[in-house]
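Undergrad: As input, take start-v4.cif (mmCIF, C-alpha atoms):
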```cif
data_query
#
loop_
_atom_site.group_PDB
_atom_site.id
_atom_site.type_symbol
_atom_site.label_atom_id
_atom_site.label_comp_id
_atom_site.auth_asym_id
_atom_site.auth_seq_id
_atom_site.Cartn_x
_atom_site.Cartn_y
_atom_site.Cartn_z
ATOM 1 C CA MET A 1 72.147 236.254 -128.510
ATOM 2 C CA LEU A 2 75.828 236.414 -129.028
ATOM 3 C CA LEU A 3 76.372 235.472 -132.614
ATOM 4 C CA GLY A 4 77.860 232.031 -132.117
ATOM 5 C CA ARG A 5 76.744 230.560 -135.433
ATOM 6 C CA THR A 6 77.356 233.734 -137.422
ATOM 7 C CA ALA A 7 80.786 234.104 -135.850
ATOM 8 C CA GLU A 8 81.746 230.554 -136.818
ATOM 9 C CA LYS A 9 80.746 231.159 -140.432
ATOM 10 C CA LEU A 10 82.653 234.439 -140.511
ATOM 11 C CA GLU A 11 85.702 232.821 -138.939
ATOM 12 C CA SER A 12 85.725 230.273 -141.770
ATOM 13 C CA ILE A 13 86.205 233.126 -144.267
ATOM 14 C CA GLY A 14 88.787 234.936 -142.157
ATOM 15 C CA VAL A 15 86.570 237.481 -140.408
ATOM 16 C CA GLN A 16 86.829 237.816 -136.632
ATOM 17 C CA THR A 17 83.819 238.752 -134.489
ATOM 18 C CA LEU A 18 83.765 240.964 -131.414
ATOM 19 C CA ALA A 19 80.480 241.141 -129.491
ATOM 20 C CA VAL A 20 80.259 244.119 -127.113
ATOM 21 C CA VAL A 21 77.604 243.904 -124.394
ATOM 22 C CA GLY A 22 76.414 246.950 -122.472
ATOM 23 C CA SER A 23 76.769 245.429 -119.014
ATOM 24 C CA ALA A 24 79.559 245.149 -116.466
ATOM 25 C CA ALA A 25 82.166 242.483 -117.147
ATOM 26 C CA ASP A 26 81.167 240.343 -114.146
ATOM 27 C CA ARG A 27 77.522 240.260 -115.323
ATOM 28 C CA VAL A 28 78.592 239.336 -118.866
ATOM 29 C CA ARG A 29 80.874 236.587 -117.529
ATOM 30 C CA LEU A 30 77.989 235.190 -115.491
ATOM 31 C CA TYR A 31 75.742 235.241 -118.549
ATOM 32 C CA LEU A 32 78.391 233.415 -120.566
ATOM 33 C CA ARG A 33 78.473 230.631 -117.966
ATOM 34 C CA TYR A 34 74.884 229.900 -118.973
ATOM 35 C CA ARG A 35 75.286 230.657 -122.651
ATOM 36 C CA PRO A 36 78.907 230.162 -123.699
ATOM 37 C CA THR A 37 79.879 231.362 -127.140
ATOM 38 C CA ARG A 38 82.977 230.854 -129.205
ATOM 39 C CA CYS A 39 83.270 234.429 -130.376
ATOM 40 C CA LEU A 40 85.152 237.103 -128.464
ATOM 41 C CA VAL A 41 82.817 238.898 -126.056
ATOM 42 C CA ALA A 42 83.598 242.142 -124.270
ATOM 43 C CA ALA A 43 81.840 244.381 -121.769
ATOM 44 C CA ASP A 44 81.120 248.088 -122.120
ATOM 45 C CA PRO A 45 78.685 249.094 -119.369
ATOM 46 C CA ASP A 46 78.966 252.783 -120.191
ATOM 47 C CA LEU A 47 78.088 252.162 -123.854
ATOM 48 C CA SER A 48 81.098 254.230 -124.912
ATOM 49 C CA THR A 49 81.525 252.109 -128.053
ATOM 50 C CA HIS A 50 77.871 252.606 -128.983
ATOM 51 C CA ARG A 51 78.346 256.367 -128.623
ATOM 52 C CA ALA A 52 81.595 256.401 -130.621
ATOM 53 C CA TYR A 53 79.821 254.633 -133.485
ATOM 54 C CA GLY A 54 76.765 256.880 -133.258
ATOM 55 C CA VAL A 55 74.306 254.114 -132.397
ATOM 56 C CA PRO A 56 71.143 255.905 -131.256
ATOM 57 C CA ARG A 57 69.283 255.540 -128.036
ATOM 58 C CA ALA A 58 65.961 256.967 -126.972
ATOM 59 C CA PRO A 59 64.070 257.540 -123.753
ATOM 60 C CA MET A 60 62.140 254.367 -122.941
ATOM 61 C CA SER A 61 58.619 255.213 -124.088
ATOM 62 C CA PRO A 62 55.438 253.110 -123.917
ATOM 63 C CA GLU A 63 55.691 252.804 -127.711
ATOM 64 C CA ILE A 64 59.201 251.329 -127.553
ATOM 65 C CA TRP A 65 58.350 249.103 -124.584
ATOM 66 C CA HIS A 66 55.347 247.745 -126.476
ATOM 67 C CA ALA A 67 57.537 247.025 -129.516
ATOM 68 C CA VAL A 68 60.070 245.174 -127.348
ATOM 69 C CA GLU A 69 57.350 243.126 -125.648
ATOM 70 C CA SER A 70 55.736 242.284 -128.982
ATOM 71 C CA ALA A 71 59.063 241.108 -130.406
ATOM 72 C CA SER A 72 59.725 239.022 -127.281
ATOM 73 C CA THR A 73 56.252 237.491 -127.408
ATOM 74 C CA GLU A 74 56.784 236.595 -131.062
ATOM 75 C CA LEU A 75 60.142 234.984 -130.253
ATOM 76 C CA ALA A 76 58.601 233.019 -127.375
ATOM 77 C CA ARG A 77 55.891 231.786 -129.739
ATOM 78 C CA GLU A 78 58.446 230.731 -132.330
ATOM 79 C CA LEU A 79 60.282 228.824 -129.616
ATOM 80 C CA ARG A 80 56.972 227.298 -128.447
ATOM 81 C CA LEU A 81 57.505 228.531 -124.909
ATOM 82 C CA PRO A 82 54.615 228.834 -122.474
ATOM 83 C CA VAL A 83 54.237 232.541 -121.767
ATOM 84 C CA SER A 84 52.441 234.075 -118.811
ATOM 85 C CA GLU A 85 50.390 237.111 -119.777
ATOM 86 C CA GLY A 86 52.709 240.036 -120.455
ATOM 87 C CA LYS A 87 55.863 238.235 -119.376
ATOM 88 C CA PRO A 88 57.582 236.887 -122.491
ATOM 89 C CA TYR A 89 60.995 237.863 -121.104
ATOM 90 C CA GLU A 90 60.620 235.444 -118.212
ATOM 91 C CA ALA A 91 59.889 232.542 -120.553
ATOM 92 C CA ILE A 92 62.875 233.360 -122.770
ATOM 93 C CA GLY A 93 65.083 233.906 -119.729
ATOM 94 C CA ARG A 94 64.253 230.423 -118.413
ATOM 95 C CA LEU A 95 65.852 228.984 -121.557
ATOM 96 C CA ASP A 96 69.350 229.955 -120.564
ATOM 97 C CA GLY A 97 69.012 230.051 -116.793
ATOM 98 C CA TYR A 98 70.203 233.640 -116.537
ATOM 99 C CA GLU A 99 68.119 235.745 -114.173
ATOM 100 C CA ALA A 100 68.236 239.511 -114.362
ATOM 101 C CA THR A 101 69.249 241.242 -111.143
ATOM 102 C CA ASP A 102 68.871 244.690 -109.619
ATOM 103 C CA ALA A 103 72.171 245.613 -111.303
ATOM 104 C CA ASP A 104 70.689 244.723 -114.678
ATOM 105 C CA GLN A 105 67.581 246.740 -113.884
ATOM 106 C CA ALA A 106 69.776 249.719 -112.937
ATOM 107 C CA ASP A 107 71.568 249.415 -116.294
ATOM 108 C CA LEU A 108 68.216 249.466 -118.087
ATOM 109 C CA GLU A 109 67.168 252.609 -116.255
ATOM 110 C CA ARG A 110 70.506 254.257 -117.036
ATOM 111 C CA HIS A 111 70.672 253.194 -120.688
ATOM 112 C CA GLN A 112 66.965 253.587 -121.529
ATOM 113 C CA ALA A 113 66.274 252.283 -125.059
ATOM 114 C CA GLN A 114 69.730 251.684 -126.492
ATOM 115 C CA PHE A 115 69.594 250.315 -130.017
ATOM 116 C CA THR A 116 71.957 247.664 -131.298
ATOM 117 C CA ALA A 117 74.175 247.720 -134.382
ATOM 118 C CA GLN A 118 76.722 245.766 -136.355
ATOM 119 C CA PHE A 119 79.696 247.125 -138.280
ATOM 120 C CA LEU A 120 81.909 245.165 -140.643
ATOM 121 C CA ILE A 121 85.363 246.719 -140.518
ATOM 122 C CA GLY A 122 87.933 245.943 -143.202
ATOM 123 C CA ARG A 123 91.564 245.106 -142.626
ATOM 124 C CA ASP A 124 92.360 248.757 -143.474
ATOM 125 C CA GLY A 125 90.240 250.018 -140.570
ATOM 126 C CA ILE A 126 87.477 251.362 -142.825
ATOM 127 C CA VAL A 127 83.836 250.466 -142.140
ATOM 128 C CA LYS A 128 82.577 248.412 -145.084
ATOM 129 C CA TRP A 129 79.007 247.682 -143.978
ATOM 130 C CA ALA A 130 76.743 248.840 -141.180
ATOM 131 C CA ASN A 131 73.365 247.858 -139.806
ATOM 132 C CA VAL A 132 71.590 249.806 -137.075
ATOM 133 C CA GLU A 133 68.542 248.351 -135.354
ATOM 134 C CA CYS A 134 65.320 250.096 -136.444
ATOM 135 C CA ALA A 135 67.134 252.275 -139.014
ATOM 136 C CA ARG A 136 65.485 250.506 -141.938
ATOM 137 C CA GLU A 137 61.954 249.914 -140.709
ATOM 138 C CA GLY A 138 61.433 251.918 -137.540
ATOM 139 C CA LEU A 139 60.206 250.152 -134.412
ATOM 140 C CA ALA A 140 59.076 247.175 -136.513
ATOM 141 C CA GLY A 141 62.782 246.360 -136.678
ATOM 142 C CA ILE A 142 63.301 246.153 -132.932
ATOM 143 C CA GLU A 143 65.077 243.005 -131.715
ATOM 144 C CA LYS A 144 65.712 242.016 -135.357
ATOM 145 C CA PHE A 145 69.180 240.938 -136.287
ATOM 146 C CA PRO A 146 70.496 240.547 -139.839
ATOM 147 C CA GLY A 147 70.586 236.890 -140.866
ATOM 148 C CA ASP A 148 73.793 234.875 -141.171
ATOM 149 C CA GLU A 149 73.332 234.896 -144.914
ATOM 150 C CA GLU A 150 73.306 238.671 -145.212
ATOM 151 C CA ILE A 151 76.368 239.207 -143.053
ATOM 152 C CA VAL A 152 78.396 236.359 -144.522
ATOM 153 C CA ALA A 153 77.462 237.302 -148.099
ATOM 154 C CA THR A 154 78.437 240.898 -147.407
ATOM 155 C CA ALA A 155 81.755 239.829 -145.922
ATOM 156 C CA ARG A 156 82.473 237.591 -148.917
ATOM 157 C CA ALA A 157 81.518 240.313 -151.400
ATOM 158 C CA LEU A 158 83.992 242.692 -149.826
ATOM 159 C CA GLY A 159 86.851 240.432 -150.809
ATOM 160 C CA ASP A 160 88.779 242.052 -148.009
ATOM 161 C CA MET B 1 60.440 258.243 -131.971
ATOM 162 C CA THR B 2 63.045 260.706 -130.749
ATOM 163 C CA THR B 3 66.583 259.427 -130.514
ATOM 164 C CA GLU B 4 69.702 260.934 -129.022
ATOM 165 C CA THR B 5 73.233 260.440 -130.273
ATOM 166 C CA ALA B 6 76.412 262.463 -130.059
ATOM 167 C CA ARG B 7 76.958 261.804 -133.753
ATOM 168 C CA ALA B 8 75.254 260.140 -136.704
ATOM 169 C CA PRO B 9 75.848 256.405 -137.049
ATOM 170 C CA VAL B 10 79.130 255.539 -138.741
ATOM 171 C CA GLN B 11 78.575 254.818 -142.410
ATOM 172 C CA PRO B 12 80.426 252.550 -144.852
ATOM 173 C CA GLY B 13 83.503 254.332 -146.158
ATOM 174 C CA GLU B 14 84.274 256.057 -142.858
ATOM 175 C CA PRO B 15 87.238 255.102 -140.664
ATOM 176 C CA ALA B 16 86.142 252.911 -137.767
ATOM 177 C CA PRO B 17 86.265 254.898 -134.507
ATOM 178 C CA GLU B 18 88.665 253.722 -131.843
ATOM 179 C CA PHE B 19 87.296 251.865 -128.831
ATOM 180 C CA THR B 20 88.544 250.018 -125.776
ATOM 181 C CA VAL B 21 86.494 247.322 -124.064
ATOM 182 C CA VAL B 22 87.084 244.748 -121.330
ATOM 183 C CA GLY B 23 87.217 241.109 -122.359
ATOM 184 C CA ALA B 24 84.501 238.918 -120.841
ATOM 185 C CA ASN B 25 85.558 235.508 -122.101
ATOM 186 C CA ARG B 26 89.238 236.358 -122.616
ATOM 187 C CA GLU B 27 91.569 238.246 -120.346
ATOM 188 C CA GLY B 28 92.491 241.853 -120.916
ATOM 189 C CA GLN B 29 91.262 244.839 -122.816
ATOM 190 C CA PHE B 30 90.599 244.984 -126.533
ATOM 191 C CA SER B 31 90.797 247.935 -128.855
ATOM 192 C CA LEU B 32 90.366 248.473 -132.582
ATOM 193 C CA ALA B 33 94.128 248.245 -133.009
ATOM 194 C CA ASP B 34 94.012 244.594 -131.899
ATOM 195 C CA PHE B 35 92.061 243.799 -135.072
ATOM 196 C CA ARG B 36 94.068 245.875 -137.530
ATOM 197 C CA GLY B 37 95.075 243.821 -140.556
ATOM 198 C CA ARG B 38 92.133 241.466 -140.257
ATOM 199 C CA PRO B 39 88.452 242.122 -141.004
ATOM 200 C CA VAL B 40 86.201 242.137 -137.951
ATOM 201 C CA LEU B 41 82.470 242.203 -137.333
ATOM 202 C CA LEU B 42 81.834 244.554 -134.412
ATOM 203 C CA ALA B 43 78.420 243.737 -132.927
ATOM 204 C CA LEU B 44 77.084 246.144 -130.317
ATOM 205 C CA PHE B 45 74.427 244.729 -127.987
ATOM 206 C CA ARG B 46 72.276 246.193 -125.260
ATOM 207 C CA GLY B 47 72.919 245.288 -121.650
ATOM 208 C CA LEU B 48 71.639 242.094 -120.042
ATOM 209 C CA TYR B 49 68.368 243.547 -118.798
#
```
Could you spell out this file's structure in structure tokens?

TA:
Amino acid sequence: MLLGRTAEKLESIGVQTLAVVGSAADRVRLYLRYRPTRCLVAADPDLSTHRAYGVPRAPMSPEIWHAVESASTELARELRLPVSEGKPYEAIGRLDGYEATDADQADLERHQAQFTAQFLIGRDGIVKWANVECAREGLAGIEKFPGDEEIVATARALGD
Amino acid sequence: MTTETARAPVQPGEPAPEFTVVGANREGQFSLADFRGRPVLLALFRGLY
């Protein structure tokens, strides 16, 4: 989830990575005990950074929920995980040992469908590249993350 | 799909908005100013639902 491989490649060309997770710091720290990562990770439970950068969110609709479940089922298949009917999250969750709690559920209800995004910021503080989940292909793009190659190639091309 | 945002997503060429977040695997708070002078990939994730 948290960009470990991408961050290492970016670090090798002088680009730092900051991953901001929309949960309380203690929940993020617990998650990182199960899935440590080398990149800098921060917590923003109020999603203030998402708002500042204009990353959209939507009320959780059956359409969005279906798209999320479909993407999770596809991921579970790719990972060859046994999936109980309609519960791909549980299978993926068992991989890292992290179990969602009532606090996580409360965050979901508060945040609804918050989309994700990545911004490459140059040394001058200007945004050089941006990618917002679902902006390119609608709900078919849910849970999709740009590949290492795209991000690293973009960072190299900037020559920043 | 109806989405809600206070503003349109930041586009290339715009100044990066300021932010302050709490470190989860390092102590302290971090803001955009901490990265000034060095390129940074800012990756915004959902919560741990």

Undergrad: From the options A:Arg156, A:Arg136, A:His50, A:Arg123, which residue's atoms come nearest to Phe35 of chain B, counting all atoms listed in the file?

TA: A:Arg123

Undergrad: Could you tell me which of A:Gly125, A:Pro45, A:Gly14, A:Pro62 comes closest to Pro15 of chain B if we count only C-alpha atoms?

TA: A:Gly125

Undergrad: Please return, as number ranges by chain, all residues of chain B lying within 6 Å of chain A when only C-alpha atoms are considered.

TA: B: 3-5, 7-10, 12-16, 19, 21-25, 36-47, 49

Undergrad: For segment 110-124 of chain A, take all atoms listed in the file, fit an axis-aligned box around them, add 4 Å to each of the six sides, then output centre and edge lengths in Å rounded to one decimal, as lines of an AutoDock Vina configuration file.

TA:
```
center_x = 79.3
center_y = 249.7
center_z = -130.3
size_x = 34.1
size_y = 17.2
size_z = 34.4
```

Undergrad: Which value, in Å to one decimal, gives the distance between atom CA of Ala153 of chain A and atom CA of Gly4 of chain A?

TA: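 These two atoms are separated by 16.8 Å.
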
Undergrad: If you measure from atom CA of Pro88 of chain A to atom CA of Ala76 of chain A, what distance in Å do you get, rounded to one decimal?

TA: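 Atom CA of Ala76 of chain A lies 6.3 Å from atom CA of Pro88 of chain A.
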
Undergrad: What is the atom CA of Ile142 of chain A to atom CA of Ser12 of chain A distance in Å?

TA: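 We find that atom CA of Ile142 of chain A and atom CA of Ser12 of chain A lie 28.9 Å from each other.
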